[in-house]
>>> print(open('structure-v6.txt').read())   # compact mmCIF, C-alpha atoms
# COMPACT_ATOMS: atom_id res chain seq x y z
CA MET A 1408 -201.56 -217.09 -158.91
CA ASN A 1409 -204.85 -215.79 -157.52
CA SER A 1410 -205.35 -212.03 -157.42
CA PRO A 1411 -205.87 -210.46 -153.99
CA LYS A 1412 -209.49 -210.54 -152.84
CA GLU A 1413 -211.12 -207.14 -152.95
CA SER A 1414 -212.10 -205.81 -149.53
CA PRO A 1415 -215.87 -205.32 -149.03
CA LEU A 1416 -217.20 -201.79 -149.00
CA THR A 1417 -218.10 -200.22 -145.68
CA PHE A 1418 -220.67 -197.47 -145.15
CA GLU A 1419 -217.84 -194.92 -144.95
CA ASP A 1420 -216.63 -196.02 -148.41
CA LEU A 1421 -219.91 -194.98 -150.05
CA THR A 1422 -220.44 -191.63 -151.74
CA GLU A 1423 -222.63 -189.06 -150.02
CA ARG A 1424 -225.38 -189.77 -152.56
CA GLN A 1425 -225.23 -193.52 -151.86
CA LYS A 1426 -225.27 -192.91 -148.12
CA GLY A 1427 -228.33 -190.72 -148.53
CA ILE A 1428 -230.17 -193.38 -150.51
CA LEU A 1429 -229.27 -196.10 -148.02
CA LEU A 1430 -230.34 -194.01 -145.02
CA PHE A 1431 -233.63 -193.15 -146.71
CA LEU A 1432 -234.25 -196.83 -147.50
CA ARG A 1433 -233.50 -197.89 -143.94
CA THR A 1434 -235.71 -195.22 -142.37
CA SER A 1435 -238.61 -195.97 -144.74
CA TYR A 1436 -238.30 -199.71 -144.08
CA GLN A 1437 -238.27 -199.18 -140.30
CA GLN A 1438 -241.32 -196.90 -140.37
CA THR A 1439 -243.53 -198.65 -142.94
CA GLY A 1440 -242.25 -202.22 -143.30
CA HIS A 1441 -241.40 -201.74 -146.97
CA CYS A 1442 -239.05 -199.58 -148.96
CA PRO A 1443 -240.04 -196.72 -151.27
CA THR A 1444 -240.30 -196.80 -155.04
CA VAL A 1445 -237.48 -195.64 -157.29
CA ARG A 1446 -239.38 -192.44 -157.99
CA GLU A 1447 -239.82 -191.77 -154.26
CA ILE A 1448 -236.10 -192.37 -153.71
CA ALA A 1449 -235.26 -189.93 -156.49
CA GLN A 1450 -237.47 -187.27 -154.91
CA ALA A 1451 -236.04 -187.85 -151.44
CA VAL A 1452 -232.36 -187.53 -152.39
CA GLY A 1453 -232.71 -184.93 -155.13
CA LEU A 1454 -232.06 -187.10 -158.21
CA LYS A 1455 -234.04 -186.20 -161.33
CA SER A 1456 -233.63 -189.45 -163.26
CA PRO A 1457 -234.96 -192.87 -162.14
CA SER A 1458 -232.08 -194.41 -164.10
CA SER A 1459 -229.64 -192.57 -161.84
CA VAL A 1460 -231.35 -194.14 -158.82
CA GLN A 1461 -231.20 -197.57 -160.45
CA HIS A 1462 -227.47 -197.13 -161.02
CA GLN A 1463 -226.89 -196.29 -157.36
CA LEU A 1464 -229.09 -199.22 -156.27
CA ASP A 1465 -227.03 -201.54 -158.47
CA ILE A 1466 -223.88 -200.43 -156.63
CA LEU A 1467 -225.50 -200.85 -153.21
CA ALA A 1468 -226.83 -204.29 -154.13
CA LYS A 1469 -223.47 -205.45 -155.49
CA ALA A 1470 -221.78 -204.25 -152.29
CA GLY A 1471 -224.31 -206.19 -150.19
CA PHE A 1472 -226.08 -203.24 -148.57
CA ILE A 1473 -229.48 -204.05 -150.06
CA GLU A 1474 -231.42 -207.01 -151.42
CA ARG A 1475 -234.05 -206.76 -154.14
CA ASP A 1476 -236.28 -208.84 -156.35
CA GLU A 1477 -236.17 -207.39 -159.86
CA GLY A 1478 -239.49 -209.01 -160.76
CA ARG A 1479 -241.58 -207.33 -158.07
CA ALA A 1480 -242.26 -203.80 -156.87
CA ARG A 1481 -241.20 -202.42 -153.48
CA THR A 1482 -238.90 -205.35 -152.71
CA ILE A 1483 -235.72 -203.39 -151.99
CA ARG A 1484 -234.57 -204.21 -148.49
CA PRO A 1485 -231.57 -202.77 -146.61
CA VAL A 1486 -229.55 -205.59 -145.08
CA GLU A 1487 -226.55 -203.83 -143.58
CA THR A 1488 -226.44 -202.17 -140.17
CA ILE A 1489 -225.22 -198.67 -140.88
CA LYS A 1490 -224.24 -195.66 -138.84
CA GLU A 1491 -226.75 -192.84 -139.03
CA PRO A 1492 -225.70 -189.19 -139.04
CA ALA A 1493 -226.78 -187.09 -136.09
CA PHE A 1494 -230.43 -186.13 -136.14
CA PRO A 1495 -230.71 -182.34 -135.83
CA SER A 1496 -232.42 -182.34 -132.45
CA GLY A 1497 -230.21 -185.01 -130.94
CA VAL A 1498 -232.86 -187.72 -131.37
CA SER A 1499 -233.13 -190.48 -133.95
CA PRO A 1500 -236.09 -191.85 -135.95
CA SER A 1501 -236.41 -194.74 -133.50
CA THR A 1502 -237.00 -192.33 -130.60
CA LEU A 1503 -239.68 -190.26 -132.32
CA PRO A 1504 -243.15 -190.80 -130.88
CA LYS A 1505 -245.62 -193.03 -132.70
CA LEU A 1506 -247.84 -190.60 -134.54
CA PRO A 1507 -251.60 -191.18 -134.87
CA PRO A 1508 -253.10 -192.07 -138.25
CA THR A 1509 -253.38 -189.09 -140.54
CA PRO A 1510 -256.02 -188.13 -143.13
CA ASP A 1511 -255.31 -189.00 -146.73
CA ASN A 1512 -252.78 -186.74 -148.41
CA CYS A 1513 -251.53 -185.34 -145.09
CA VAL A 1514 -248.35 -186.00 -143.12
CA SER A 1515 -247.52 -185.62 -139.42
CA VAL A 1516 -244.39 -183.55 -138.97
CA PRO A 1517 -242.67 -183.29 -135.55
CA LEU A 1518 -241.35 -179.92 -134.39
CA VAL A 1519 -238.00 -180.87 -132.88
CA GLY A 1520 -236.48 -177.56 -131.83
CA ARG A 1521 -235.09 -174.39 -133.28
CA ILE A 1522 -232.48 -173.37 -135.83
CA ALA A 1523 -230.64 -170.16 -136.55
CA ALA A 1524 -231.10 -167.87 -139.52
CA GLY A 1525 -228.21 -165.79 -138.24
CA ALA A 1526 -225.30 -166.99 -136.14
CA PRO A 1527 -225.54 -170.78 -135.64
CA ILE A 1528 -227.27 -171.90 -132.44
CA THR A 1529 -227.44 -175.23 -130.73
CA ALA A 1530 -230.51 -177.21 -131.80
CA GLN A 1531 -232.87 -178.09 -128.98
CA GLN A 1532 -233.32 -181.77 -128.08
CA GLU A 1533 -236.99 -182.19 -127.28
CA ILE A 1534 -240.01 -182.72 -129.53
CA GLU A 1535 -242.19 -179.71 -128.87
CA ASP A 1536 -245.25 -180.32 -131.04
CA THR A 1537 -246.57 -182.18 -134.09
CA PHE A 1538 -248.08 -180.49 -137.15
CA LEU A 1539 -250.48 -182.12 -139.62
CA LEU A 1540 -249.62 -180.72 -143.06
CA PRO A 1541 -250.86 -181.39 -146.62
CA GLU A 1542 -248.44 -183.65 -148.46
CA ARG A 1543 -248.70 -181.44 -151.53
CA MET A 1544 -246.94 -178.71 -149.50
CA THR A 1545 -244.15 -180.89 -148.14
CA GLY A 1546 -243.63 -183.82 -150.47
CA ARG A 1547 -242.65 -187.22 -149.13
CA GLY A 1548 -239.69 -188.42 -147.12
CA GLU A 1549 -238.65 -188.20 -143.49
CA LEU A 1550 -239.78 -184.74 -142.43
CA PHE A 1551 -239.21 -182.64 -139.33
CA MET A 1552 -239.73 -178.99 -138.41
CA LEU A 1553 -237.56 -176.39 -136.76
CA SER A 1554 -238.47 -172.88 -135.65
CA VAL A 1555 -236.30 -170.12 -137.10
CA HIS A 1556 -234.50 -167.50 -135.04
CA GLY A 1557 -232.64 -164.67 -136.76
CA ASP A 1558 -232.85 -162.69 -139.99
CA SER A 1559 -229.96 -163.91 -142.14
CA MET A 1560 -232.40 -165.50 -144.64
CA ILE A 1561 -234.92 -162.69 -145.01
CA ASP A 1562 -234.16 -162.22 -148.73
CA ALA A 1563 -235.20 -165.86 -149.20
CA ALA A 1564 -238.50 -165.12 -147.41
CA ILE A 1565 -237.44 -166.99 -144.26
CA CYS A 1566 -237.94 -164.72 -141.29
CA ASP A 1567 -237.48 -164.75 -137.55
CA GLY A 1568 -240.29 -166.80 -136.00
CA ASP A 1569 -241.05 -168.86 -139.11
CA TRP A 1570 -241.11 -172.65 -139.13
CA VAL A 1571 -239.16 -174.58 -141.75
CA VAL A 1572 -240.10 -178.10 -142.81
CA ILE A 1573 -236.99 -180.12 -143.61
CA ARG A 1574 -236.70 -183.36 -145.51
CA ARG A 1575 -233.92 -185.37 -143.95
CA GLN A 1576 -231.09 -186.11 -146.41
CA PRO A 1577 -227.30 -185.96 -146.04
CA VAL A 1578 -226.61 -184.35 -149.43
CA ALA A 1579 -227.83 -181.28 -151.33
CA GLU A 1580 -227.31 -179.54 -154.62
CA PRO A 1581 -225.66 -176.09 -154.78
CA GLY A 1582 -228.29 -173.38 -154.46
CA GLU A 1583 -230.64 -175.42 -152.27
CA ILE A 1584 -231.60 -174.12 -148.83
CA VAL A 1585 -230.48 -176.57 -146.18
CA ALA A 1586 -230.40 -177.12 -142.45
CA ALA A 1587 -226.84 -177.92 -141.45
CA MET A 1588 -224.77 -178.66 -138.38
CA ILE A 1589 -221.42 -176.94 -138.06
CA ASP A 1590 -219.23 -177.22 -134.97
CA GLY A 1591 -222.14 -178.83 -133.12
CA GLU A 1592 -224.57 -176.02 -133.90
CA ALA A 1593 -227.45 -175.75 -136.35
CA THR A 1594 -228.22 -173.15 -138.97
CA VAL A 1595 -230.30 -172.72 -142.13
CA LYS A 1596 -228.49 -171.33 -145.16
CA VAL A 1597 -228.00 -171.78 -148.91
CA TRP A 1598 -225.61 -174.64 -149.73
CA SER A 1599 -222.85 -173.64 -152.15
CA TYR A 1600 -219.48 -174.67 -153.58
CA ARG A 1601 -216.95 -172.02 -154.49
CA ASP A 1602 -213.22 -172.18 -155.18
CA GLY A 1603 -213.15 -175.85 -154.26
CA HIS A 1604 -214.79 -175.37 -150.86
CA ALA A 1605 -218.29 -175.72 -149.41
CA TRP A 1606 -220.04 -172.64 -148.04
CA LEU A 1607 -223.25 -171.82 -146.20
CA LEU A 1608 -224.55 -168.60 -147.67
CA PRO A 1609 -226.94 -166.15 -145.96
CA ARG A 1610 -229.59 -164.24 -147.84
CA ASN A 1611 -229.04 -160.96 -146.04
CA PRO A 1612 -226.13 -158.65 -146.98
CA ASP A 1613 -225.50 -157.92 -143.28
CA TYR A 1614 -224.19 -161.49 -142.78
CA SER A 1615 -221.06 -163.17 -144.11
CA PRO A 1616 -220.78 -166.63 -145.72
CA ILE A 1617 -219.80 -169.48 -143.38
CA PRO A 1618 -217.02 -171.91 -144.43
CA ALA A 1619 -218.67 -175.34 -144.52
CA ASP A 1620 -216.11 -177.96 -145.55
CA HIS A 1621 -216.79 -179.74 -142.25
CA ALA A 1622 -220.52 -179.03 -142.06
CA GLN A 1623 -223.06 -181.86 -141.94
CA ILE A 1624 -226.18 -181.44 -144.03
CA LEU A 1625 -229.24 -182.44 -142.01
CA GLY A 1626 -231.74 -181.96 -144.80
CA ARG A 1627 -233.25 -179.67 -147.39
CA VAL A 1628 -235.83 -177.03 -146.55
CA VAL A 1629 -238.99 -177.91 -148.47
CA THR A 1630 -241.64 -175.67 -146.87
CA VAL A 1631 -241.73 -172.43 -144.89
CA LEU A 1632 -244.66 -171.71 -142.57
CA ARG A 1633 -245.54 -168.38 -140.95
CA SER A 1634 -248.10 -167.34 -138.38
CA LEU A 1635 -249.61 -163.89 -139.04
>>> encode(input="structure-v6.txt", output="structure tokens")
Amino acid sequence: MNSPKESPLTFEDLTERQKGILLFLRTSYQQTGHCPTVREIAQAVGLKSPSSVQHQLDILAKAGFIERDEGRARTIRPVETIKEPAFPSGVSPSTLPKLPPTPDNCVSVPLVGRIAAGAPITAQQEIEDTFLLPERMTGRGELFMLSVHGDSMIDAAICDGDWVVIRRQPVAEPGEIVAAMIDGEATVKVWSYRDGHAWLLPRNPDYSPIPADHAQILGRVVTVLRSL
């Protein structure tokens, strides 16, 4: 008697780490025509070991989400249409404007609205400006900027009026500063797990932690900019 055929994995069946890798691959492929290297993937999703990335790629390939040629570089290709999480400003990578060529070692980063360092506020939906920044300050990946309003992160040197550069990724490690959506509003806080629950922690004793079991991580804060 034949055993029941195993149902194929869907995007929702993947772990948050696997979803993050797949979304990063898809975005990179759409923007550049090829996918990133294993080391670039590791940097984008916060993995320290290339072997850990290879393990996740093996799972995605076996499930049919990607194709790759083991004998050649940069031949990973996403093949599955997947649902993307909400972009923080209400836009998606496909709606971002085509940016002009940039000098070597620089990246163009769109400013897509504002975010709260205080009580969460609704993220704005229009692209307000584009900043040309040195890649050594931001790293690689899909980057966007938000202006900060509020003082809940002042002890982390993020102040009212600053700009934060965020690398888009749906997962984060505890202790990392993230931009997150909660109840349809955006905020920047420290991501944490405590007593079996997720929390968004301020860095100002005047503010209380925010329960975050249902929060959506938009990305990790990689750079803070300030105008004096």
>>> closest_residue(input="structure-v6.txt", among="A:Ile1589, A:Ile1617, A:Val1629, A:Ala1622", to="Leu1553 in chain A", atoms="only C-alpha atoms")
A:Val1629
>>> residues_around(input="structure-v6.txt", residues="Arg1574 in chain A", least_positions_apart="4", cutoff="10 Å", atoms="all atoms listed in the file", output="list of chain:residue names")
A:Ala1451, A:Val1452, A:Thr1545, A:Gly1546, A:Arg1547, A:Gly1548, A:Glu1549, A:Leu1550, A:Phe1551, A:Met1552, A:Val1585, A:Ala1586, A:Leu1625, A:Gly1626, A:Arg1627, A:Val1628, A:Val1629, A:Thr1630
>>> residues_around(input="structure-v6.txt", residues="Trp1598 in chain A", least_positions_apart="4", cutoff="10 Å", atoms="only C-alpha atoms", output="list in words")
Val1578, Ala1579, Glu1580, Pro1581, Gly1582, Glu1583, Ile1584, Val1585, Ala1586, Ala1587, Ala1605, Trp1606, Leu1607, Leu1608, Pro1609, Ala1619, Ile1624 and Arg1627 of chain A
>>> axis_aligned_box(input="structure-v6.txt", around="range 1440-1454 of chain A", padding_each_side="3 Å", output="lines of an AutoDock Vina configuration file")
center_x = -237.2
center_y = -193.6
center_z = -150.8
size_x = 16.2
size_y = 23.3
size_z = 20.9
>>> residues_near_point(input="structure-v6.txt", point="(-235.1, -163.5, -148.4)", cutoff="12 Å", atoms="all atoms listed in the file", output="number ranges by chain")
A: 1524, 1557-1567, 1584, 1596-1597, 1608-1612, 1631
>>> closest_residue(input="structure-v6.txt", among="A:Leu1432, A:Asn1512, A:Val1519, A:Phe1472", to="Leu1539 in chain A", atoms="only C-alpha atoms")
A:Asn1512
